[in-house]
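The file coords31.tsv contains TSV, C-alpha atoms and all ligand atoms:
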chain	number	residue	atom	x	y	z
A	1	MET	CA	21.97	64.55	-33.64
A	2	LEU	CA	22.68	61.92	-36.20
A	3	MET	CA	20.69	63.79	-38.83
A	4	LEU	CA	22.31	67.11	-38.03
A	5	ARG	CA	25.61	65.52	-38.73
A	6	ALA	CA	24.69	64.57	-42.26
A	7	ALA	CA	27.07	67.03	-43.88
A	8	ALA	CA	30.00	66.14	-41.66
A	9	THR	CA	29.37	62.45	-42.18
A	10	PHE	CA	29.30	62.89	-45.91
A	11	VAL	CA	32.84	64.23	-45.78
A	12	GLY	CA	33.69	60.94	-44.11
A	13	LEU	CA	31.99	59.08	-46.93
A	14	LEU	CA	34.09	60.84	-49.54
A	15	SER	CA	37.24	59.69	-47.83
A	16	LEU	CA	36.23	56.03	-47.91
A	17	PRO	CA	38.42	53.61	-49.77
A	18	LEU	CA	37.31	53.28	-53.40
A	19	SER	CA	36.25	49.68	-52.89
A	20	SER	CA	33.63	50.69	-50.27
A	21	VAL	CA	32.25	53.39	-52.54
A	22	ALA	CA	32.02	50.89	-55.38
A	23	VAL	CA	30.17	48.45	-53.12
A	24	ALA	CA	27.88	51.28	-52.01
A	25	ALA	CA	27.19	52.37	-55.57
A	26	HIS	CA	25.63	49.13	-56.73
A	27	LEU	CA	23.36	48.68	-53.74
A	28	GLN	CA	19.74	49.66	-54.34
A	29	PRO	CA	17.77	51.76	-51.82
A	30	GLU	CA	15.84	48.61	-50.86
A	31	GLN	CA	19.08	47.18	-49.53
A	32	TRP	CA	20.18	50.24	-47.58
A	33	PRO	CA	18.28	49.67	-44.31
A	34	LYS	CA	19.73	46.18	-43.82
A	35	THR	CA	23.18	47.42	-44.81
A	36	VAL	CA	22.95	50.15	-42.17
A	37	LEU	CA	21.90	47.59	-39.56
A	38	ARG	CA	24.77	45.28	-40.48
A	39	ALA	CA	27.28	48.12	-40.36
A	40	ARG	CA	25.98	49.13	-36.95
A	41	ASP	CA	26.07	45.58	-35.59
A	42	HIS	CA	29.63	45.10	-36.77
A	43	ALA	CA	30.90	48.46	-35.55
A	44	ARG	CA	33.08	48.22	-32.49
A	45	THR	CA	32.66	51.89	-31.72
A	46	LEU	CA	30.23	54.65	-32.56
A	47	ALA	CA	32.93	56.31	-34.67
A	48	ASP	CA	33.35	53.12	-36.71
A	49	TRP	CA	29.66	53.18	-37.56
A	50	GLU	CA	29.24	56.88	-38.17
A	51	HIS	CA	32.34	57.19	-40.32
A	52	GLY	CA	32.15	53.87	-42.12
A	53	GLY	CA	29.86	55.07	-44.93
A	54	TRP	CA	26.65	53.45	-43.61
A	55	SER	CA	25.57	55.83	-40.90
A	56	LEU	CA	22.11	57.41	-41.01
A	57	GLY	CA	23.73	60.68	-42.05
A	58	ALA	CA	25.53	59.01	-44.96
A	59	VAL	CA	22.32	57.39	-46.15
A	60	ALA	CA	20.52	60.73	-45.93
A	61	GLU	CA	23.24	62.27	-48.08
A	62	ARG	CA	22.91	59.50	-50.61
A	63	LEU	CA	19.20	60.16	-50.89
A	64	VAL	CA	19.63	63.90	-51.25
A	65	ARG	CA	22.34	63.54	-53.87
A	66	SER	CA	20.86	60.68	-55.84
A	67	PRO	CA	19.86	61.37	-59.46
A	68	ASN	CA	16.25	60.49	-58.60
A	69	PRO	CA	15.85	61.59	-54.99
A	70	GLN	CA	12.08	61.27	-54.93
A	71	SER	CA	11.80	57.75	-56.26
A	72	GLU	CA	14.86	56.55	-54.31
A	73	THR	CA	13.47	58.07	-51.12
A	74	ARG	CA	10.14	56.35	-51.72
A	75	ARG	CA	11.86	53.00	-52.27
A	76	PHE	CA	14.04	53.49	-49.19
A	77	CYS	CA	11.06	54.42	-47.03
A	78	ALA	CA	9.08	51.42	-48.27
A	79	SER	CA	11.98	49.16	-47.30
A	80	LEU	CA	12.03	50.72	-43.81
A	81	GLU	CA	8.38	49.77	-43.50
A	82	ARG	CA	9.33	46.14	-43.91
A	83	LEU	CA	11.69	46.20	-40.89
A	84	GLU	CA	10.69	44.84	-37.51
A	85	ASP	CA	10.07	47.48	-34.85
A	86	GLU	CA	13.31	46.88	-33.00
A	87	ASN	CA	15.32	47.41	-36.19
A	88	LEU	CA	13.19	50.34	-37.22
A	89	ALA	CA	14.09	52.03	-33.93
A	90	VAL	CA	17.68	52.33	-35.17
A	91	PHE	CA	16.36	54.80	-37.77
A	92	ASP	CA	14.50	56.85	-35.16
A	93	SER	CA	16.38	60.12	-35.68
A	94	MET	CA	15.94	59.84	-39.43
A	95	ILE	CA	12.23	59.07	-39.23
A	96	ARG	CA	11.40	61.91	-36.86
A	97	GLY	CA	14.00	64.23	-38.41
A	98	GLU	CA	13.05	67.39	-40.18
A	99	SER	CA	16.12	67.74	-42.33
A	100	LEU	CA	15.20	64.79	-44.52
A	101	ARG	CA	11.69	64.46	-45.88
A	102	LEU	CA	10.98	60.82	-46.41
A	103	ASP	CA	7.92	60.15	-48.53
A	104	SER	CA	5.34	61.85	-46.30
A	105	PRO	CA	2.57	59.22	-45.89
A	106	CYS	CA	5.30	56.61	-45.41
A	107	GLN	CA	7.10	58.81	-42.88
A	108	SER	CA	3.93	59.40	-40.84
A	109	ARG	CA	3.18	55.68	-40.79
A	110	LEU	CA	6.72	54.99	-39.55
A	111	ARG	CA	6.44	57.71	-36.93
A	112	SER	CA	3.27	56.22	-35.47
A	113	ARG	CA	4.84	52.79	-35.49
A	114	LEU	CA	7.86	54.10	-33.58
A	115	GLU	CA	5.65	55.89	-31.08
A	116	ARG	CA	3.83	52.66	-30.35
A	117	HIS	CA	7.14	50.80	-30.19
A	118	TRP	CA	8.55	53.16	-27.56
A	119	GLU	CA	5.29	52.98	-25.59
A	120	ARG	CA	5.63	49.22	-25.51
A	121	GLU	CA	9.28	49.58	-24.39
A	122	ALA	CA	8.12	51.79	-21.52
A	123	GLU	CA	5.50	49.19	-20.57
A	124	GLU	CA	8.06	46.41	-20.73
A	125	LEU	CA	10.38	48.33	-18.41
A	126	GLU	CA	7.59	48.81	-15.92
A	127	ARG	CA	6.57	45.17	-16.19
A	128	ARG	CA	10.12	44.04	-15.37
A	129	GLU	CA	11.08	46.69	-12.84
A	130	GLY	CA	7.74	47.47	-11.24
A	131	PRO	CA	6.19	50.91	-11.11
A	132	ILE	CA	8.64	53.74	-10.71
A	133	GLY	CA	6.84	54.97	-7.55
A	134	ALA	CA	7.41	58.22	-5.73
A	135	PRO	CA	10.94	59.53	-6.23
A	136	ILE	CA	13.24	59.66	-3.20
A	137	ALA	CA	15.66	62.51	-3.79
A	138	LEU	CA	19.27	61.58	-4.38
A	139	ARG	CA	22.06	63.42	-2.69
A	140	SER	CA	23.86	65.58	-5.22
A	141	ILE	CA	27.37	66.92	-4.81
A	142	GLN	CA	29.29	69.55	-6.76
A	143	VAL	CA	32.76	68.76	-7.99
A	144	PRO	CA	34.80	71.86	-8.83
A	145	VAL	CA	37.04	71.63	-11.90
A	146	ALA	CA	39.45	74.41	-12.86
A	147	ALA	CA	38.95	74.49	-16.62
A	148	PRO	CA	41.81	76.94	-17.34
A	149	ASP	CA	44.27	74.33	-16.08
A	150	GLY	CA	43.10	71.96	-18.81
A	151	PRO	CA	42.65	68.86	-16.64
A	152	VAL	CA	41.66	65.55	-18.27
A	153	LEU	CA	39.13	63.48	-16.33
A	154	PHE	CA	38.14	59.83	-16.63
A	155	ARG	CA	36.72	58.92	-13.24
A	156	GLY	CA	36.43	62.54	-12.24
A	157	GLY	CA	38.03	61.96	-8.85
A	158	LEU	CA	34.79	60.36	-7.68
A	159	GLY	CA	34.70	57.86	-4.85
A	160	SER	CA	32.66	54.80	-4.08
A	161	ARG	CA	28.98	55.14	-5.06
A	162	GLN	CA	29.42	58.56	-6.57
A	163	VAL	CA	28.34	58.94	-10.17
A	164	ALA	CA	28.49	61.85	-12.58
A	165	LEU	CA	25.73	61.38	-15.13
A	166	THR	CA	26.73	62.91	-18.45
A	167	PHE	CA	24.64	63.43	-21.58
A	168	ASP	CA	26.14	64.05	-25.02
A	169	ASP	CA	24.97	65.29	-28.41
A	170	GLY	CA	22.02	67.41	-27.29
A	171	PRO	CA	20.00	69.44	-26.99
A	172	ASP	CA	17.18	67.41	-28.47
A	173	GLY	CA	13.88	69.16	-29.17
A	174	GLU	CA	11.83	66.14	-28.10
A	175	ARG	CA	13.94	64.55	-25.38
A	176	THR	CA	15.86	67.14	-23.36
A	177	GLY	CA	12.70	68.23	-21.52
A	178	ARG	CA	11.90	64.69	-20.39
A	179	LEU	CA	15.48	64.12	-19.22
A	180	LEU	CA	15.39	67.35	-17.22
A	181	LEU	CA	12.08	66.36	-15.64
A	182	ALA	CA	13.41	62.96	-14.50
A	183	LEU	CA	16.59	64.53	-13.10
A	184	GLU	CA	14.57	67.15	-11.24
A	185	GLU	CA	12.17	64.59	-9.78
A	186	TRP	CA	15.05	62.57	-8.37
A	187	GLY	CA	17.05	65.60	-7.26
A	188	ALA	CA	19.95	64.75	-9.55
A	189	ARG	CA	22.23	67.21	-11.31
A	190	ALA	CA	24.13	66.24	-14.42
A	191	THR	CA	26.76	67.46	-16.88
A	192	PHE	CA	25.73	67.92	-20.50
A	193	PHE	CA	28.03	68.11	-23.53
A	194	ALA	CA	26.09	69.91	-26.24
A	195	THR	CA	27.15	70.34	-29.83
A	196	GLY	CA	27.40	73.88	-31.16
A	197	GLN	CA	24.86	73.09	-33.87
A	198	GLY	CA	22.44	71.72	-31.29
A	199	ALA	CA	22.89	74.83	-29.11
A	200	GLN	CA	22.23	77.08	-32.11
A	201	ARG	CA	19.13	75.13	-33.03
A	202	PHE	CA	17.71	74.78	-29.51
A	203	PRO	CA	19.10	77.64	-27.37
A	204	GLY	CA	15.97	77.43	-25.19
A	205	TRP	CA	16.91	73.93	-24.05
A	206	ILE	CA	20.45	75.05	-23.19
A	207	GLN	CA	18.90	77.79	-21.08
A	208	LYS	CA	16.47	75.47	-19.31
A	209	THR	CA	19.24	72.95	-18.65
A	210	LEU	CA	21.44	75.61	-17.06
A	211	ARG	CA	18.62	77.20	-15.07
A	212	ALA	CA	17.75	73.76	-13.67
A	213	GLY	CA	21.20	73.67	-12.05
A	214	HIS	CA	23.00	71.39	-14.49
A	215	THR	CA	26.31	72.09	-16.15
A	216	VAL	CA	26.59	72.46	-19.91
A	217	GLY	CA	29.91	71.94	-21.64
A	218	SER	CA	30.59	71.53	-25.34
A	219	HIS	CA	31.21	68.73	-27.81
A	220	THR	CA	32.58	70.57	-30.90
A	221	LEU	CA	30.51	72.54	-33.37
A	222	THR	CA	29.34	69.75	-35.69
A	223	HIS	CA	30.27	66.59	-33.77
A	224	ALA	CA	33.37	66.25	-35.89
A	225	LEU	CA	35.79	63.36	-35.72
A	226	LEU	CA	38.67	65.64	-34.83
A	227	THR	CA	41.39	63.11	-35.57
A	228	LYS	CA	40.48	63.46	-39.27
A	229	LEU	CA	40.92	67.25	-39.28
A	230	ASN	CA	43.98	69.44	-39.49
A	231	ALA	CA	44.93	71.56	-36.49
A	232	GLU	CA	43.18	74.69	-37.74
A	233	GLU	CA	39.93	72.88	-38.56
A	234	ALA	CA	40.04	71.13	-35.19
A	235	ARG	CA	40.55	74.43	-33.39
A	236	ARG	CA	37.59	75.91	-35.27
A	237	GLU	CA	35.39	72.97	-34.24
A	238	ILE	CA	36.43	73.17	-30.59
A	239	ARG	CA	36.06	76.94	-30.35
A	240	GLY	CA	32.88	77.00	-32.41
A	241	GLY	CA	31.25	74.47	-30.09
A	242	LEU	CA	32.16	76.40	-26.94
A	243	LEU	CA	31.15	79.75	-28.44
A	244	SER	CA	27.76	78.42	-29.46
A	245	VAL	CA	26.89	77.09	-26.01
A	246	LEU	CA	28.20	80.29	-24.39
A	247	GLU	CA	26.01	82.34	-26.71
A	248	ALA	CA	22.95	80.20	-26.01
A	249	ALA	CA	23.39	80.46	-22.21
A	250	PRO	CA	21.23	82.99	-20.35
A	251	PRO	CA	22.81	85.87	-18.40
A	252	GLY	CA	24.10	84.71	-15.05
A	253	PHE	CA	24.13	81.03	-16.05
A	254	PRO	CA	27.26	80.60	-18.14
A	255	ALA	CA	28.09	77.41	-19.96
A	256	ALA	CA	31.38	75.89	-18.78
A	257	ALA	CA	34.65	75.60	-20.68
A	258	PHE	CA	34.26	71.82	-20.37
A	259	PHE	CA	34.90	69.70	-23.39
A	260	ARG	CA	34.26	66.15	-24.56
A	261	PHE	CA	35.82	64.70	-27.71
A	262	PRO	CA	33.20	63.30	-30.10
A	263	TYR	CA	33.56	59.50	-29.98
A	264	GLY	CA	36.25	60.05	-27.33
A	265	SER	CA	38.63	60.27	-30.28
A	266	ARG	CA	41.80	62.24	-29.59
A	267	THR	CA	45.53	62.45	-30.14
A	268	GLY	CA	48.17	63.95	-27.88
A	269	ARG	CA	48.23	67.02	-30.08
A	270	LEU	CA	44.48	67.50	-29.97
A	271	GLN	CA	44.54	67.09	-26.21
A	272	GLU	CA	47.20	69.77	-25.98
A	273	LEU	CA	45.08	72.02	-28.21
A	274	VAL	CA	42.10	71.68	-25.86
A	275	ARG	CA	44.34	72.44	-22.91
A	276	THR	CA	45.74	75.58	-24.53
A	277	GLU	CA	42.17	76.68	-25.24
A	278	GLY	CA	41.70	76.69	-21.47
A	279	MET	CA	39.20	73.84	-21.38
A	280	ALA	CA	38.85	70.79	-19.16
A	281	THR	CA	38.38	67.46	-20.97
A	282	PHE	CA	35.93	64.81	-19.80
A	283	PHE	CA	36.13	61.17	-20.81
A	284	TRP	CA	34.27	58.47	-18.88
A	285	ASN	CA	35.01	55.22	-17.07
A	286	MET	CA	31.47	53.83	-17.40
A	287	ASP	CA	29.83	53.43	-20.80
A	288	SER	CA	26.08	52.91	-21.09
A	289	LEU	CA	26.61	51.79	-24.72
A	290	ASP	CA	23.25	53.38	-25.41
A	291	TRP	CA	24.20	54.00	-29.06
A	292	LYS	CA	24.54	50.23	-29.48
A	293	ILE	CA	21.88	48.78	-27.15
A	294	ARG	CA	18.45	49.16	-28.71
A	295	THR	CA	16.07	48.29	-25.93
A	296	ALA	CA	15.49	50.17	-22.70
A	297	PRO	CA	15.46	47.08	-20.41
A	298	GLU	CA	18.79	45.87	-21.80
A	299	LEU	CA	20.24	49.34	-21.47
A	300	LEU	CA	19.16	49.52	-17.83
A	301	ALA	CA	20.75	46.14	-17.14
A	302	ARG	CA	24.00	47.28	-18.76
A	303	VAL	CA	24.07	50.50	-16.75
A	304	LYS	CA	23.49	48.71	-13.44
A	305	GLN	CA	26.30	46.31	-14.32
A	306	GLU	CA	28.71	49.16	-15.10
A	307	LEU	CA	27.80	50.96	-11.88
A	308	GLU	CA	28.29	47.83	-9.79
A	309	TRP	CA	31.55	46.94	-11.51
A	310	ARG	CA	33.19	50.38	-11.42
A	311	ASP	CA	31.63	51.52	-8.16
A	312	GLY	CA	31.78	55.18	-9.18
A	313	GLY	CA	32.91	57.67	-11.78
A	314	ILE	CA	31.67	59.25	-14.99
A	315	LEU	CA	28.83	57.56	-16.88
A	316	ILE	CA	28.09	58.49	-20.49
A	317	PHE	CA	24.64	58.62	-22.16
A	318	HIS	CA	23.33	60.29	-25.29
A	319	GLU	CA	20.62	62.88	-24.90
A	320	THR	CA	19.18	62.07	-28.31
A	321	LEU	CA	18.26	58.43	-27.75
A	322	GLU	CA	14.82	57.30	-26.64
A	323	GLN	CA	16.08	54.17	-24.88
A	324	SER	CA	18.20	56.41	-22.61
A	325	VAL	CA	15.30	58.72	-21.82
A	326	LEU	CA	13.12	55.71	-20.96
A	327	ALA	CA	15.78	54.04	-18.81
A	328	LEU	CA	16.90	57.14	-16.90
A	329	PRO	CA	14.15	57.23	-14.21
A	330	TYR	CA	14.91	53.57	-13.41
A	331	VAL	CA	18.65	54.30	-13.26
A	332	LEU	CA	17.92	57.13	-10.84
A	333	LYS	CA	15.64	54.92	-8.77
A	334	TRP	CA	18.31	52.23	-8.60
A	335	LEU	CA	20.93	54.78	-7.55
A	336	SER	CA	18.63	56.11	-4.87
A	337	GLN	CA	17.79	52.65	-3.52
A	338	ASN	CA	21.44	51.62	-3.45
A	339	GLY	CA	22.79	54.61	-1.58
A	340	TRP	CA	24.52	56.39	-4.44
A	341	GLU	CA	24.98	60.13	-4.83
A	342	THR	CA	25.13	62.04	-8.09
A	343	ALA	CA	27.91	64.48	-8.86
A	344	VAL	CA	27.86	67.49	-11.12
A	345	PHE	CA	31.06	69.13	-12.33
A	346	VAL	CA	31.19	72.89	-11.97
A	347	ASN	CA	33.77	75.28	-13.33
A	348	SER	CA	35.77	76.65	-10.44
A	349	GLY	CA	37.66	78.99	-12.78
A	350	GLY	CA	40.86	80.10	-11.12
A	351	GLY	CA	43.72	77.81	-11.93
A	352	ARG	CA	46.49	79.05	-14.14
A	353	SER	CA	44.54	82.01	-15.40
A	354	ALA	CA	41.45	83.64	-13.94
A	355	GLU	CA	40.44	84.90	-17.36
A	356	PRO	CA	37.95	83.09	-19.54
A	357	PRO	CA	39.47	81.32	-22.54
A	358	ARG	CA	40.24	83.63	-25.43
A	359	LEU	CA	37.51	83.13	-27.93
A	360	SER	CA	37.30	84.27	-31.48
A	361	ARG	CA	35.41	83.07	-34.48
A	362	HIS	CA	38.37	82.55	-36.81
B	1	ZN	ZN	28.84	62.60	-29.28
In structure tokens, write the structure found in this file.
Ligand SMILES: [Zn+2]
Amino acid sequence: MLMLRAAATFVGLLSLPLSSVAVAAHLQPEQWPKTVLRARDHARTLADWEHGGWSLGAVAERLVRSPNPQSETRRFCASLERLEDENLAVFDSMIRGESLRLDSPCQSRLRSRLERHWEREAEELERREGPIGAPIALRSIQVPVAAPDGPVLFRGGLGSRQVALTFDDGPDGERTGRLLLALEEWGARATFFATGQGAQRFPGWIQKTLRAGHTVGSHTLTHALLTKLNAEEARREIRGGLLSVLEAAPPGFPAAAFFRFPYGSRTGRLQELVRTEGMATFFWNMDSLDWKIRTAPELLARVKQELEWRDGGILIFHETLEQSVLALPYVLKWLSQNGWETAVFVNSGGGRSAEPPRLSRH
């Protein structure tokens, strides 16, 4: 999803203070990978990183708009080759992305390196945790939510040892299928928050997700930081996201008028806007921090800690990240062994108005 957000992120770049742009201007492409890594390490939140001028999307824009895109891209790619695997993994979406052509022999070398890296991560997980073994199905409950009432959920009303697994930013052409397989094997149902752009690009994955019994809500059209938009632009993002997932959904399996703010970033006004659009809002009380944690074993440890500490509620992952896909079967195994049940939110409709939210493209 990071790559798909290149255009939106570039808008963020333009609004940077002049000093940051000046600093950015004198840096050579050889310095960009380390600058991205530093920006990511220092970011307190995902929004800080993605809107601070050194996100992957911003770098992609720089390459596309540079006066010598080919030579700058070659230099940038060569500098990626000098990174250690764990740092290279941060650039995963860029390296496997289709929207930016890195120098092609360089890009294929990086792709094979990443493949081997993720294979080693999978082996490391198994070495630490033991083989995954035969899945023992989790109990899965449905939690009805009346979207037209515009409720705002953090823990989702869930009790002890009840977890709602949620996945943002998808669908992902390479990863959604593997997530769905793991969920199916362990009998877990989850709630997905897809972007409109993702739904337009991969409608088939929205359909498979819904047909597998999961819920799909929306996450704006372009993964916009809504707090930077005016009311009309924000409304367009919110409606555009919902419309796109509704359009991608197969007959008889509607997407839900469930919404998640990108980066969890909202104001009172934006929250009121979502409510008047007839949508329920989902935050979370457990954060996997998968955007920040690079390795699957560390991610698994973090998730277990959150689950133990909070004892229930809504847990957030990103559908686009390999470390999350690798860790998920072990999360599900842990839940199963520790007597947890998974919860999926379903739209109970009703509420203030039985009609679906009024949707229009303007
Ligand atoms: Zn997101």
Produce a table with one row for each residue of chain A that has an atom at most 6 Å from any atom of ligand ZN 1 (chain B), each row naming the nearest atom pair and its distance in Å at one decimal; use all atoms listed in the file; arrange rows by chain and rising residue number; format as CSV.
residue,atom,partner,partner_atom,distance
A:Asp168,CA,B:ZN1,ZN,5.2
A:Asp169,CA,B:ZN1,ZN,4.8
A:Pro262,CA,B:ZN1,ZN,4.5
A:Tyr263,CA,B:ZN1,ZN,5.7
task: Within 12 Å of Gln31 in chain A, counting all atoms listed in the file, which residues show up once you throw out same-chain ones fewer than 2 positions away? Write them as a ChimeraX atom specification, please.
output: /A:23-29,33-38,54,59,72,75-80,82-83
message: For a quick check of understanding, using only C-alpha atoms, which of A:Arg74, A:Arg269, A:Arg96, A:Lys228 has the smallest distance to His51 in chain A?
response: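 Closest candidate: A:Lys228.
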task: Find the residues around Pro297 in chain A up to 10 Å (only C-alpha atoms counted), leave out those fewer than 5 positions away in its own chain, and share them as a VMD selection string.
output: chain A and resid 121 to 122 124 to 126 128 to 129 302 to 303 323 to 324 326 to 327 330
- request: Name the closest residue to Thr276 in chain A among the candidates A:Arg62, A:Arg44, A:Arg235, A:Arg260; distances are taken between atoms, counting all atoms listed in the file.
  value: A:Arg235
task: Taking the point (15.7, 72.6, -27.6) as given in the file, collect each protein or nucleic acid residue that comes within 8 Å of it, counting all atoms listed in the file, and present the set as a PyMOL selection string.
output: chain A and resi 171-174+176+198-199+201-206
- request: Compare A:Leu158, A:Val163, A:Ala249, A:Leu100 by their minimum atom-to-atom distance to Leu138 in chain A, counting only C-alpha atoms, and give me the closest one.
  value: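 Comparing A:Leu158, A:Val163, A:Ala249, A:Leu100 against Leu138 in chain A, the winner is A:Val163.
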message: Give me, as an MDAnalysis selection string, all polymer residues having an atom no more than 10 Å from range 311-318 of chain A, counting only C-alpha atoms and skipping those fewer than 2 positions away in the same chain.
response: chainID A and resid 1 153:172 191:193 282:291 303 305:309 320:325 328 340:344
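Using all atoms listed in the file for every distance, the candidate list A:Thr45, A:Asn338, A:Ser104, A:Thr295 yields A:Thr295 as the residue closest to Val90 in chain A.
Within 7 Å of Leu110 in chain A, once only C-alpha atoms are used and residues closer than 3 positions along the same chain are dropped, the contacting residues are Glu81, Ile95, Cys106, Gln107, Arg113 and Leu114 of chain A.
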message: For a test of reading the model, state the distance in Å between CA of Glu237 in chain A and CA of Phe258 in chain A, rounded to one decimal.
response: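 Taking CA of Glu237 in chain A as the start and CA of Phe258 in chain A as the end point, the length is 14.0 Å.
Taking all atoms listed in the file into account, Gly349 in chain A lies nearest to A:Pro144 out of the set A:Arg65, A:Leu246, A:Phe259, A:Pro144.
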